[in-house]
Amino acid sequence: MNRFAGRVVDLHCHSDRSDGILSPEALVSRAKARDVSVLALTDHDTIAGLAAAKAQAALEGMTLLNGIEFSCQWQGRGIHIVGLNFDDGDQDLLALIARQHQRRMERSAMIAEKLERAGFDNALARAKTQAGEASLGRPHFAHAMVEAGFVRSVDQAFKRYLGSGKPGDVKQVWPEFEEVVPVVRAAGGAAVVAHPLKYKMTRTKLRAMLDDFRDCGGNAMEVVSGAQRPEQTREMAQLAGRFALLSSCGSDFHMPGTQWGELGKFPALPETVTPVWSLWPSLANESKQ
Ligand SMILES: [Zn+2]
Ligand SMILES: [Zn+2]
């Protein structure tokens, strides 16, 4: 049931406006070639790719839903909250996105300062060149260090400079999800816990997190995120039922040919769950045309 009125639905993927490789246009075309007909582009903390993706989706005869993946925290842990099908002109949502961008920029400036002290000159400007239109992050510093011959590989950049406890390590502080979820809801969107199995929480913690998420207005959780085992799908479906959350599914695609999921290619949602797209009846009408 990642098929919806016969259409393949993928509600989680990334373009080069965050840490994906493909342009929004190329991403949409790739999704089309893999029979996806309802796609949400969910770049990290930015909606910069949506306009281009939407234009391409119109050319391809696909439905492109507004999407974003917010970096948040809960009890000191990093949690990703996907926002789906919101009004992208909502002022509070845009202000939240601007604050996320500001947080990234402040952290990047601190990373740059530390890397310069470690001998890597002009770190911020070099990383910005790497980032292009994407929002600046650690991978851009890593690529800049490789290009300058400061390290041999991205892996080495993280191992020696950018990883936890290394000279360029700066902890990022994100907002609590209680601050993010109501903004997504007020903008008419659905708030979805991304990839619940990737946080490496105990099941007790995971249940407590989902309970808090539902209490602050969260709608849904990703019951399917990329490739996963049947017993994982069953367990996530049970959790969704237990916390009265709707179910979402997506590939979390970042780039061709990696360990990450391919667009549209993941196990189907079990028949027993209520999919998140039950919130959007007009989408069903659209698909019947
Ligand atoms: Zn994520
Ligand atoms: Zn993601």
# chains A, B, ... in the order shown; residues from 1 in each chain; ligands from 1

call {"tool": "select_by_dssp", "arguments": {"residues": "range 104-243 of chain A", "states": "helix (DSSP H, G or I)", "output": "ChimeraX atom specification"}}
result
/A:104-117,123-131,138-147,154-162,177-186,196-199,203-215,230-242

call {"tool": "residues_around", "arguments": {"residues": "range 61-72 of chain A", "least_positions_apart": "2", "cutoff": "6 Å", "atoms": "only C-alpha atoms", "output": "short mmCIF file (atom, residue, chain, number, x, y, z; two decimals) with C-alpha atoms, in the first residue's frame"}}
result
data_model
loop_
_atom_site.label_atom_id
_atom_site.label_comp_id
_atom_site.auth_asym_id
_atom_site.auth_seq_id
_atom_site.Cartn_x
_atom_site.Cartn_y
_atom_site.Cartn_z
CA SER A 37 3.64 9.38 -9.21
CA VAL A 38 3.26 11.12 -5.84
CA LEU A 39 6.56 12.48 -4.50
CA ALA A 40 7.41 14.72 -1.56
CA LEU A 41 10.81 16.45 -1.68
CA THR A 42 11.96 16.68 1.95
CA ASP A 43 15.32 18.47 2.04
CA HIS A 44 16.88 19.14 5.43
CA ASP A 45 15.60 22.43 6.89
CA LYS A 54 7.16 21.31 -8.82
CA ALA A 57 6.72 17.36 -11.79
CA ALA A 58 4.19 19.30 -13.86
CA LEU A 59 6.20 18.46 -17.01
CA GLY A 78 18.51 14.40 17.44
CA ILE A 79 15.11 13.60 15.91
CA HIS A 80 14.02 14.35 12.34
CA ILE A 81 10.49 15.56 11.77
CA VAL A 82 9.19 15.54 8.20
CA GLY A 83 6.60 18.15 7.28
CA LEU A 84 4.30 17.26 4.37
CA ASN A 85 1.81 19.12 2.20
CA TRP A 174 18.25 22.19 17.33
CA PRO A 175 14.80 23.17 18.61
CA GLU A 176 12.68 20.74 20.59
CA PHE A 177 10.16 19.01 18.36
#

call {"tool": "residues_around", "arguments": {"residues": "His143 in chain A", "least_positions_apart": "5", "cutoff": "9 Å", "atoms": "only C-alpha atoms", "output": "JSON, numbers by chain"}}
result
{"A": [127, 130, 138, 148, 153, 154, 157]}

call {"tool": "write_last_selection", "arguments": {"atoms": "C-alpha atoms", "output": "PDB file, in the first residue's frame"}}
result
ATOM      1  CA  ALA A 127      33.041  25.420   2.316  1.00  0.00           C
ATOM      2  CA  GLN A 130      31.382  23.636  -2.099  1.00  0.00           C
ATOM      3  CA  ARG A 138      29.934  19.532   7.633  1.00  0.00           C
ATOM      4  CA  ALA A 148      42.610  21.664  -1.019  1.00  0.00           C
ATOM      5  CA  SER A 153      39.246  11.749   1.664  1.00  0.00           C
ATOM      6  CA  VAL A 154      35.943  12.883   3.126  1.00  0.00           C
ATOM      7  CA  ALA A 157      38.233  14.754   7.112  1.00  0.00           C
TER       8      ALA A 157
END

call {"tool": "residues_around", "arguments": {"residues": "range 22-27 of chain A", "least_positions_apart": "6", "cutoff": "9 Å", "atoms": "only C-alpha atoms", "output": "PDB file with N, CA, C and O atoms, in the first residue's frame"}}
result
ATOM      1  N   CYS A  13      12.622  12.240   0.390  1.00  0.00           N
ATOM      2  CA  CYS A  13      13.841  12.166  -0.424  1.00  0.00           C
ATOM      3  C   CYS A  13      14.558  13.520  -0.396  1.00  0.00           C
ATOM      4  O   CYS A  13      14.001  14.519   0.044  1.00  0.00           O
ATOM      5  N   HIS A  14      15.807  13.512  -0.863  1.00  0.00           N
ATOM      6  CA  HIS A  14      16.663  14.704  -0.769  1.00  0.00           C
ATOM      7  C   HIS A  14      17.273  15.079  -2.116  1.00  0.00           C
ATOM      8  O   HIS A  14      17.684  14.212  -2.880  1.00  0.00           O
ATOM      9  N   SER A  15      17.344  16.380  -2.363  1.00  0.00           N
ATOM     10  CA  SER A  15      18.012  16.891  -3.570  1.00  0.00           C
ATOM     11  C   SER A  15      19.320  17.580  -3.167  1.00  0.00           C
ATOM     12  O   SER A  15      19.699  17.592  -1.983  1.00  0.00           O
ATOM     13  N   ASP A  16      19.977  18.192  -4.140  1.00  0.00           N
ATOM     14  CA  ASP A  16      21.228  18.891  -3.833  1.00  0.00           C
ATOM     15  C   ASP A  16      20.995  20.228  -3.116  1.00  0.00           C
ATOM     16  O   ASP A  16      21.944  20.950  -2.833  1.00  0.00           O
ATOM     17  N   LEU A  41       9.390  16.114  -1.835  1.00  0.00           N
ATOM     18  CA  LEU A  41      10.813  16.452  -1.679  1.00  0.00           C
ATOM     19  C   LEU A  41      10.982  16.997  -0.268  1.00  0.00           C
ATOM     20  O   LEU A  41      10.335  17.981   0.105  1.00  0.00           O
ATOM     21  N   GLY A  49      14.281  23.775  -2.875  1.00  0.00           N
ATOM     22  CA  GLY A  49      14.171  22.972  -4.105  1.00  0.00           C
ATOM     23  C   GLY A  49      12.738  22.782  -4.591  1.00  0.00           C
ATOM     24  O   GLY A  49      12.519  22.215  -5.670  1.00  0.00           O
ATOM     25  N   LEU A  50      11.764  23.241  -3.807  1.00  0.00           N
ATOM     26  CA  LEU A  50      10.371  22.894  -4.123  1.00  0.00           C
ATOM     27  C   LEU A  50       9.876  23.481  -5.445  1.00  0.00           C
ATOM     28  O   LEU A  50       9.192  22.801  -6.206  1.00  0.00           O
ATOM     29  N   ALA A  51      10.201  24.738  -5.706  1.00  0.00           N
ATOM     30  CA  ALA A  51       9.679  25.385  -6.918  1.00  0.00           C
ATOM     31  C   ALA A  51      10.170  24.651  -8.171  1.00  0.00           C
ATOM     32  O   ALA A  51       9.380  24.317  -9.063  1.00  0.00           O
ATOM     33  N   ALA A  52      11.476  24.362  -8.206  1.00  0.00           N
ATOM     34  CA  ALA A  52      12.041  23.660  -9.365  1.00  0.00           C
ATOM     35  C   ALA A  52      11.464  22.249  -9.475  1.00  0.00           C
ATOM     36  O   ALA A  52      11.147  21.777 -10.580  1.00  0.00           O
ATOM     37  N   ALA A  53      11.297  21.584  -8.339  1.00  0.00           N
ATOM     38  CA  ALA A  53      10.755  20.222  -8.347  1.00  0.00           C
ATOM     39  C   ALA A  53       9.308  20.234  -8.849  1.00  0.00           C
ATOM     40  O   ALA A  53       8.898  19.359  -9.621  1.00  0.00           O
ATOM     41  N   LYS A  54       8.550  21.234  -8.416  1.00  0.00           N
ATOM     42  CA  LYS A  54       7.155  21.309  -8.816  1.00  0.00           C
ATOM     43  C   LYS A  54       7.022  21.548 -10.322  1.00  0.00           C
ATOM     44  O   LYS A  54       6.179  20.923 -10.982  1.00  0.00           O
ATOM     45  N   ALA A  55       7.862  22.428 -10.838  1.00  0.00           N
ATOM     46  CA  ALA A  55       7.824  22.715 -12.275  1.00  0.00           C
ATOM     47  C   ALA A  55       8.140  21.445 -13.065  1.00  0.00           C
ATOM     48  O   ALA A  55       7.471  21.129 -14.064  1.00  0.00           O
ATOM     49  N   GLN A  56       9.142  20.700 -12.610  1.00  0.00           N
ATOM     50  CA  GLN A  56       9.515  19.461 -13.308  1.00  0.00           C
ATOM     51  C   GLN A  56       8.401  18.422 -13.196  1.00  0.00           C
ATOM     52  O   GLN A  56       8.093  17.712 -14.158  1.00  0.00           O
ATOM     53  N   ALA A  57       7.797  18.336 -11.996  1.00  0.00           N
ATOM     54  CA  ALA A  57       6.720  17.364 -11.786  1.00  0.00           C
ATOM     55  C   ALA A  57       5.544  17.655 -12.725  1.00  0.00           C
ATOM     56  O   ALA A  57       4.923  16.726 -13.253  1.00  0.00           O
ATOM     57  N   HIS A 254      19.037   9.704  -1.255  1.00  0.00           N
ATOM     58  CA  HIS A 254      20.006  10.807  -1.320  1.00  0.00           C
ATOM     59  C   HIS A 254      20.770  10.849  -2.641  1.00  0.00           C
ATOM     60  O   HIS A 254      21.060  11.915  -3.153  1.00  0.00           O
ATOM     61  N   MET A 255      21.154   9.660  -3.129  1.00  0.00           N
ATOM     62  CA  MET A 255      21.951   9.619  -4.363  1.00  0.00           C
ATOM     63  C   MET A 255      21.872   8.235  -4.987  1.00  0.00           C
ATOM     64  O   MET A 255      21.617   7.257  -4.279  1.00  0.00           O
ATOM     65  N   PRO A 256      22.092   8.172  -6.295  1.00  0.00           N
ATOM     66  CA  PRO A 256      22.054   6.865  -6.964  1.00  0.00           C
ATOM     67  C   PRO A 256      23.166   5.951  -6.447  1.00  0.00           C
ATOM     68  O   PRO A 256      24.260   6.424  -6.128  1.00  0.00           O
ATOM     69  N   LEU A 263      14.574   5.656  -4.997  1.00  0.00           N
ATOM     70  CA  LEU A 263      13.264   6.302  -5.102  1.00  0.00           C
ATOM     71  C   LEU A 263      12.167   5.272  -5.392  1.00  0.00           C
ATOM     72  O   LEU A 263      12.305   4.462  -6.314  1.00  0.00           O
TER      73      LEU A 263
END

call {"tool": "residues_around", "arguments": {"residues": "Leu136 in chain A", "least_positions_apart": "4", "cutoff": "9 Å", "atoms": "only C-alpha atoms", "output": "list in words"}}
result
Ser18, His101, Arg104, Met105, Ser108, Ala127, Lys128, Gln130, Ala131, Gly132, His140 and Phe141 of chain A

call {"tool": "residues_around", "arguments": {"residues": "Glu113 in chain A", "least_positions_apart": "6", "cutoff": "9 Å", "atoms": "only C-alpha atoms", "output": "ChimeraX atom specification"}}
result
/A:123-124,168

call {"tool": "closest_residue", "arguments": {"among": "A:Val180, A:Ala144, A:Met209, A:Ala194", "to": "ligand 1", "atoms": "only C-alpha atoms and all ligand atoms"}}
result
A:Ala194

call {"tool": "closest_residue", "arguments": {"among": "A:Pro281, A:Gly137, A:Gly261, A:Gly163", "to": "ligand 2", "atoms": "only C-alpha atoms and all ligand atoms"}}
result
A:Gly261

call {"tool": "closest_residue", "arguments": {"among": "A:Gln91, A:Gln156, A:Ser225, A:Ser29", "to": "ligand 2", "atoms": "only C-alpha atoms and all ligand atoms"}}
result
A:Ser225
